[in-house]
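Enquirer: Data: start.txt, compact mmCIF, C-alpha atoms and all ligand atoms.
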```txt
# COMPACT_ATOMS: atom_id res chain seq x y z
CA MET A 25 -112.82 -105.58 -152.95
CA ARG A 26 -115.84 -107.57 -154.02
CA LEU A 27 -115.54 -110.15 -156.81
CA LYS A 28 -117.73 -112.55 -158.71
CA LEU A 29 -116.04 -115.85 -159.60
CA LYS A 30 -117.13 -118.30 -162.24
CA VAL A 31 -115.15 -121.42 -161.35
CA TRP A 32 -114.94 -124.65 -163.33
CA ARG A 33 -116.34 -127.46 -161.19
CA GLN A 34 -115.99 -131.08 -162.24
CA VAL A 35 -116.41 -133.87 -159.72
CA SER A 36 -114.15 -136.37 -161.53
CA ALA A 37 -112.39 -137.00 -164.82
CA ASN A 38 -115.47 -138.44 -166.50
CA ALA A 39 -118.08 -136.16 -164.97
CA LYS A 40 -119.62 -133.26 -166.85
CA GLY A 41 -118.21 -129.91 -165.75
CA TYR A 42 -119.89 -126.55 -165.29
CA LEU A 43 -119.06 -123.01 -164.18
CA GLN A 44 -120.16 -122.33 -160.60
CA GLU A 45 -120.89 -118.68 -159.79
CA ILE A 46 -119.53 -117.62 -156.41
CA ASP A 47 -119.85 -114.14 -154.88
CA VAL A 48 -116.82 -113.22 -152.81
CA PRO A 49 -117.77 -110.21 -150.67
CA GLU A 50 -114.37 -109.32 -149.25
CA VAL A 51 -111.00 -109.90 -150.87
CA SER A 52 -107.81 -108.23 -149.64
CA PRO A 53 -105.82 -106.67 -152.51
CA ASP A 54 -102.71 -107.90 -150.67
CA SER A 55 -103.67 -111.56 -150.87
CA SER A 56 -102.32 -113.80 -153.59
CA PHE A 57 -104.64 -115.47 -156.07
CA LEU A 58 -104.27 -118.81 -154.27
CA GLU A 59 -104.87 -117.19 -150.88
CA MET A 60 -108.05 -115.75 -152.35
CA LEU A 61 -109.07 -119.28 -153.42
CA ASP A 62 -108.19 -120.56 -149.91
CA GLU A 63 -110.61 -117.96 -148.48
CA VAL A 64 -113.29 -118.94 -150.98
CA ASN A 65 -112.87 -122.58 -149.94
CA GLU A 66 -113.39 -121.60 -146.27
CA GLN A 67 -116.55 -119.81 -147.37
CA LEU A 68 -117.76 -122.85 -149.34
CA MET A 69 -117.04 -125.29 -146.51
CA GLN A 70 -118.84 -123.09 -143.98
CA ALA A 71 -121.84 -123.25 -146.30
CA GLY A 72 -121.56 -127.06 -146.39
CA GLN A 73 -120.26 -127.15 -149.96
CA GLU A 74 -117.33 -129.00 -151.52
CA PRO A 75 -114.15 -126.84 -151.70
CA ILE A 76 -112.58 -126.09 -155.08
CA ALA A 77 -109.75 -128.50 -155.94
CA TYR A 78 -106.61 -126.85 -157.30
CA ASP A 79 -102.88 -127.62 -157.28
CA SER A 80 -100.10 -125.75 -155.54
CA ASP A 81 -96.86 -126.53 -153.77
CA CYS A 82 -94.08 -123.95 -153.41
CA ARG A 83 -96.25 -120.84 -153.88
CA GLU A 84 -93.01 -119.09 -154.84
CA GLY A 85 -93.10 -119.47 -158.63
CA ILE A 86 -90.53 -122.26 -158.77
CA CYS A 87 -92.26 -125.66 -158.75
CA GLY A 88 -94.67 -125.31 -161.68
CA THR A 89 -97.50 -127.05 -159.83
CA CYS A 90 -100.03 -124.23 -159.78
CA GLY A 91 -101.64 -122.81 -162.87
CA VAL A 92 -105.16 -121.99 -163.86
CA VAL A 93 -106.68 -120.03 -166.71
CA VAL A 94 -108.03 -116.66 -165.53
CA ASN A 95 -110.34 -114.90 -167.97
CA GLY A 96 -108.86 -116.92 -170.83
CA ILE A 97 -105.20 -116.29 -169.93
CA PRO A 98 -103.01 -119.08 -168.48
CA HIS A 99 -101.65 -117.89 -165.10
CA GLY A 100 -103.77 -114.73 -165.35
CA PRO A 101 -103.21 -111.26 -166.77
CA LEU A 102 -99.80 -110.36 -165.31
CA PRO A 103 -96.91 -111.21 -167.70
CA ALA A 104 -94.12 -113.54 -166.52
CA THR A 105 -96.00 -114.45 -163.34
CA THR A 106 -97.23 -117.80 -162.06
CA THR A 107 -100.73 -118.05 -160.57
CA CYS A 108 -99.25 -118.35 -157.06
CA GLN A 109 -97.32 -115.10 -157.50
CA LEU A 110 -100.30 -113.20 -158.92
CA HIS A 111 -101.80 -110.79 -156.37
CA MET A 112 -105.35 -109.54 -156.13
CA ARG A 113 -104.27 -105.89 -156.40
CA HIS A 114 -104.02 -106.53 -160.14
CA PHE A 115 -107.82 -106.88 -160.28
CA LYS A 116 -110.52 -104.29 -159.66
CA ASP A 117 -113.44 -104.14 -157.28
CA GLY A 118 -116.47 -105.67 -159.03
CA ASP A 119 -114.43 -107.78 -161.48
CA VAL A 120 -115.86 -111.05 -162.78
CA LEU A 121 -113.17 -113.75 -162.93
CA VAL A 122 -113.69 -116.90 -164.98
CA ILE A 123 -111.31 -119.54 -163.57
CA GLU A 124 -110.72 -122.72 -165.57
CA PRO A 125 -108.20 -125.57 -165.70
CA TRP A 126 -105.60 -126.02 -168.46
CA ARG A 127 -107.45 -127.28 -171.55
CA SER A 128 -105.66 -129.89 -173.64
CA ARG A 129 -106.28 -133.47 -174.75
CA ALA A 130 -103.00 -134.50 -173.12
CA PHE A 131 -103.87 -132.80 -169.79
CA ARG A 132 -107.00 -134.59 -168.60
CA VAL A 133 -109.03 -132.77 -165.95
CA ILE A 134 -108.95 -134.85 -162.76
CA LYS A 135 -111.12 -132.61 -160.60
CA ASP A 136 -112.20 -128.94 -160.80
CA LEU A 137 -108.99 -127.01 -161.64
CA VAL A 138 -106.60 -129.97 -161.27
CA VAL A 139 -105.27 -131.57 -164.44
CA ASP A 140 -103.07 -134.62 -164.96
CA ARG A 141 -99.70 -133.34 -166.22
CA SER A 142 -97.93 -136.70 -166.01
CA ALA A 143 -97.46 -136.54 -169.81
CA PHE A 144 -94.63 -134.07 -169.09
CA ASP A 145 -93.02 -136.58 -166.69
CA ARG A 146 -93.12 -139.29 -169.36
CA ILE A 147 -91.47 -136.93 -171.88
CA ILE A 148 -88.66 -136.26 -169.40
CA GLN A 149 -88.33 -139.99 -168.68
CA ALA A 150 -87.98 -140.61 -172.43
CA GLY A 151 -84.79 -138.56 -172.73
CA GLY A 152 -84.41 -135.64 -170.34
CA TYR A 153 -81.39 -137.06 -168.55
CA ILE A 154 -77.64 -137.50 -168.99
CA THR A 155 -75.37 -140.48 -168.55
CA ALA A 156 -72.83 -139.73 -165.86
CA ASP A 157 -70.60 -141.78 -163.61
CA THR A 158 -71.82 -141.75 -160.06
CA GLY A 159 -69.41 -141.18 -157.22
CA SER A 160 -67.87 -138.10 -155.68
CA ALA A 161 -68.34 -134.69 -157.27
CA PRO A 162 -66.00 -134.08 -160.23
CA GLU A 163 -63.39 -131.36 -160.15
CA ALA A 164 -65.19 -128.08 -160.88
CA ASN A 165 -62.94 -127.06 -163.79
CA GLY A 166 -62.86 -130.52 -165.36
CA LEU A 167 -65.65 -129.69 -167.80
CA PRO A 168 -65.31 -126.03 -168.77
CA VAL A 169 -68.50 -124.42 -170.09
CA GLY A 170 -68.28 -121.09 -171.91
CA LYS A 171 -70.14 -118.15 -170.38
CA GLU A 172 -72.53 -117.72 -173.33
CA ALA A 173 -73.40 -121.42 -173.45
CA ALA A 174 -73.86 -121.47 -169.67
CA ASP A 175 -76.22 -118.47 -169.87
CA ARG A 176 -78.25 -120.06 -172.66
CA ALA A 177 -78.44 -123.36 -170.79
CA PHE A 178 -79.57 -121.53 -167.68
CA ASP A 179 -82.24 -119.59 -169.59
CA SER A 180 -83.66 -122.86 -170.98
CA ALA A 181 -83.39 -124.59 -167.60
CA ALA A 182 -85.63 -121.90 -166.10
CA CYS A 183 -88.66 -123.83 -167.44
CA ILE A 184 -90.65 -125.04 -164.43
CA GLY A 185 -92.85 -127.48 -166.36
CA CYS A 186 -96.08 -125.70 -165.51
CA GLY A 187 -97.82 -126.40 -168.82
CA ALA A 188 -99.07 -122.86 -169.48
CA CYS A 189 -97.49 -123.03 -172.94
CA VAL A 190 -99.73 -125.99 -173.79
CA ALA A 191 -102.80 -124.27 -172.37
CA ALA A 192 -102.12 -121.10 -174.39
CA CYS A 193 -101.37 -122.77 -177.73
CA PRO A 194 -104.30 -123.16 -180.18
CA ASN A 195 -102.75 -126.52 -181.14
CA ALA A 196 -102.07 -127.53 -177.51
CA SER A 197 -98.45 -127.98 -178.49
CA ALA A 198 -95.85 -128.86 -175.86
CA MET A 199 -92.93 -127.78 -178.05
CA LEU A 200 -91.86 -124.85 -175.85
CA PHE A 201 -91.52 -127.17 -172.85
CA VAL A 202 -89.82 -129.97 -174.80
CA GLY A 203 -87.62 -127.50 -176.68
CA ALA A 204 -86.45 -125.93 -173.41
CA LYS A 205 -85.53 -129.31 -171.93
CA ILE A 206 -83.67 -130.41 -175.07
CA ALA A 207 -81.88 -127.05 -175.56
CA HIS A 208 -80.80 -126.92 -171.93
CA LEU A 209 -78.84 -130.18 -172.14
CA ALA A 210 -77.66 -129.60 -175.72
CA GLU A 211 -75.70 -126.56 -174.52
CA LEU A 212 -73.66 -128.48 -171.96
CA PRO A 213 -70.82 -130.99 -172.42
CA GLN A 214 -72.63 -133.44 -170.13
CA GLY A 215 -75.58 -133.43 -172.53
CA GLN A 216 -73.63 -134.38 -175.65
CA PRO A 217 -73.51 -138.22 -175.51
CA GLU A 218 -77.29 -138.64 -175.82
CA ARG A 219 -77.98 -135.31 -177.50
CA TYR A 220 -79.56 -136.47 -180.76
CA LEU A 221 -81.14 -139.62 -179.40
CA ARG A 222 -82.65 -137.43 -176.69
CA ALA A 223 -84.26 -135.16 -179.29
CA ILE A 224 -85.79 -138.14 -181.12
CA ARG A 225 -87.05 -139.88 -177.97
CA MET A 226 -88.54 -136.82 -176.32
CA VAL A 227 -90.29 -135.66 -179.50
CA GLU A 228 -91.62 -139.18 -180.13
CA GLN A 229 -93.03 -139.28 -176.60
CA MET A 230 -94.51 -135.79 -177.01
CA ASP A 231 -96.36 -136.99 -180.12
CA LYS A 232 -97.54 -140.18 -178.37
CA GLU A 233 -99.03 -138.10 -175.55
CA GLY A 234 -101.31 -136.31 -178.00
CA PHE A 235 -99.84 -132.80 -177.99
CA GLY A 236 -100.24 -130.78 -181.18
CA ASN A 237 -97.61 -129.27 -183.42
CA CYS A 238 -96.18 -125.76 -183.45
CA THR A 239 -97.49 -123.45 -186.16
CA ASN A 240 -95.67 -120.37 -184.89
CA HIS A 241 -98.53 -118.59 -183.12
CA GLY A 242 -96.21 -117.55 -180.30
CA GLU A 243 -98.92 -117.79 -177.63
CA CYS A 244 -96.67 -120.17 -175.65
CA GLU A 245 -93.90 -117.60 -175.32
CA ALA A 246 -96.40 -114.90 -174.31
CA ALA A 247 -97.95 -117.12 -171.62
CA CYS A 248 -94.73 -118.56 -170.20
CA PRO A 249 -94.11 -117.30 -166.66
CA LYS A 250 -90.38 -117.94 -166.99
CA GLY A 251 -89.63 -116.12 -170.23
CA ILE A 252 -88.78 -119.25 -172.23
CA LYS A 253 -88.25 -118.18 -175.85
CA MET A 254 -89.39 -119.84 -179.05
CA THR A 255 -85.73 -120.11 -180.08
CA ASN A 256 -85.80 -123.27 -177.93
CA ILE A 257 -88.25 -124.77 -180.43
CA TYR A 258 -85.99 -123.90 -183.37
CA ARG A 259 -83.10 -125.46 -181.47
CA MET A 260 -85.08 -128.65 -180.87
CA ASN A 261 -86.04 -128.85 -184.55
CA ALA A 262 -82.41 -128.33 -185.58
CA ASP A 263 -81.24 -131.20 -183.37
CA LEU A 264 -84.06 -133.39 -184.62
CA ALA A 265 -83.17 -132.66 -188.25
CA ARG A 266 -79.50 -133.45 -187.58
CA ALA A 267 -80.48 -136.68 -185.85
CA PHE A 268 -82.45 -137.81 -188.89
CA VAL A 269 -79.90 -136.84 -191.53
CA GLY A 270 -77.13 -138.40 -189.47
CA SER A 271 -74.93 -135.28 -189.32
CA THR A 272 -74.72 -135.54 -185.58
CA SER A 273 -71.05 -134.67 -185.37
CA LEU A 274 -71.80 -130.97 -185.76
CA PRO A 275 -70.60 -128.87 -182.84
CA ALA A 276 -73.01 -127.62 -180.16
CA GLU A 277 -73.38 -124.21 -181.75
CA ARG A 278 -76.61 -122.29 -181.37
CA GLY A 279 -79.02 -123.59 -184.01
S1 LIG B 301 -91.97 -123.43 -171.26
FE1 LIG B 301 -92.80 -121.90 -169.80
S2 LIG B 301 -95.03 -122.20 -169.90
FE2 LIG B 301 -94.09 -124.07 -170.78
S3 LIG B 301 -93.87 -125.52 -169.09
FE3 LIG B 301 -91.93 -124.35 -169.19
S4 LIG B 301 -92.22 -122.62 -167.76
FE4 LIG B 301 -94.28 -123.45 -168.15
S1 LIG B 302 -97.12 -123.25 -156.50
FE1 LIG B 302 -95.07 -123.58 -157.22
S2 LIG B 302 -94.96 -122.34 -159.01
FE2 LIG B 302 -96.90 -121.86 -158.17
```
What would the structure in this file look like if it were written as structure tokens?
Expert:
Amino acid sequence: MRLKLKVWRQVSANAKGYLQEIDVPEVSPDSSFLEMLDEVNEQLMQAGQEPIAYDSDCREGICGTCGVVVNGIPHGPLPATTTCQLHMRHFKDGDVLVIEPWRSRAFRVIKDLVVDRSAFDRIIQAGGYITADTGSAPEANGLPVGKEAADRAFDSAACIGCGACVAACPNASAMLFVGAKIAHLAELPQGQPERYLRAIRMVEQMDKEGFGNCTNHGECEAACPKGIKMTNIYRMNADLARAFVGSTSLPAERG
């Protein structure tokens, strides 16, 4: 298939960006989106041009490193799919693809399609951990976790930190990501000692990083490649409210 790309090019964080038009004469429908970009980069380098900078690591939908906006949709048009797992058979011969980086004040563009997502790391550093004795592994049945709580914790833990929720939200809110991280640990006995302090610290850091607030658009949930639900945001808000009113002895029921 033949495609026309309009790719965001930006030499550095402070440079002015623009959309570069690139004709791609031959794309295999079996290639992944990133393999297509690899081919385009070969084409650009053969023509003596600078290749397009973009992030990737696992290329298996598990690391959260990749992620670009394709025709206005974070991770492209296929639901519940990361950019690296998107294949070219989902596009048509002759399509025009506008490829841009995540857009958000907190995710500064570093170069072309690469953004700085270290704000997420700082949010995790602020509270996304547990206090646990080090040493040998504890006895497996020492901390029983109910099946329903374990399933909910696992669903929240599926967040790969890609940032598509931020890119999709009109407010550039990071609440789906932060909510997932808080809800994951709030479901487990290991997460209880710092549970409410964690909610305060992570939300404070989220605000410091310049992310917006949630106004219930739901674009984050629609864009998330891992099916993270907005119930994680309600859960985060419930823990935050409890932290501020001091009723932190409530059990770890679903909020
Ligand atoms: S909540 Fe979904 S979209 Fe947001 S960072 Fe996690 S996996 Fe990515
Ligand atoms: S490269 Fe790891 S999720 Fe896409």
Enquirer: Separation of atom CA of Leu209 of chain A and atom CA of Phe235 of chain A, in Å?
Expert: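 One can read the atom CA of Leu209 of chain A to atom CA of Phe235 of chain A distance as 22.0 Å.
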Enquirer: Could you state the separation of atom CA of Cys238 of chain A and atom CA of Asn95 of chain A in Å, given to one decimal place?
Expert: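 Taking atom CA of Cys238 of chain A as the start and atom CA of Asn95 of chain A as the end point, the length is 23.6 Å.
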Enquirer: Taking only C-alpha atoms and all ligand atoms into account, report as a ChimeraX atom specification which residues have an atom no farther than 8 Å from an atom of ligand LIG 301 (chain B).
Expert: /A:88,182-190,198,200-202,204,244-245,247-253
Enquirer: What does the list of residues within 10 Å of ligand LIG 302 (chain B) look like if you count all atoms listed in the file, written as a ChimeraX atom specification?
Expert: /A:58,79-91,99,105-110,184-186,249
Enquirer: Which residue gives the smallest distance to Gly152 of chain A among A:Ile123, A:Ala71, A:Met230, A:Ala223, with only C-alpha atoms counted?
Expert: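 Counting only C-alpha atoms, the residue closest to Gly152 of chain A is A:Ala223.
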Enquirer: Could you please determine the separation between atom CA of Phe178 of chain A and atom CA of Asn256 of chain A in Å, to one decimal place?
Expert: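 Computing it gives 12.1 Å between the two atoms.
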Enquirer: Between A:Pro168, A:Gly236, A:Gly41, A:Gly100, which residue has the minimum interatomic distance to Ser56 of chain A, considering only C-alpha atoms?
Expert: A:Gly100
Enquirer: Residues near Gln34 of chain A, anyone? I mean within 9 Å using all atoms listed in the file, not counting same-chain ones fewer than 3 positions away, as number ranges by chain.
Expert: A: 37-43, 133-137
Enquirer: With a distance cut-off of 12 Å and only C-alpha atoms, select the neighbouring residues of Gly166 of chain A, excluding the residue or stretch itself and same-chain residues fewer than 5 positions from it, and output the selection as a PDB file with C-alpha atoms, in the frame of the given file.
Expert:
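New file around-v2.pdb:
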```
ATOM      1  CA  ALA A 161     -68.340-134.690-157.270  1.00  0.00           C
ATOM      2  CA  PRO A 213     -70.820-130.990-172.420  1.00  0.00           C
ATOM      3  CA  GLN A 214     -72.630-133.440-170.130  1.00  0.00           C
TER       4      GLN A 214
END
```
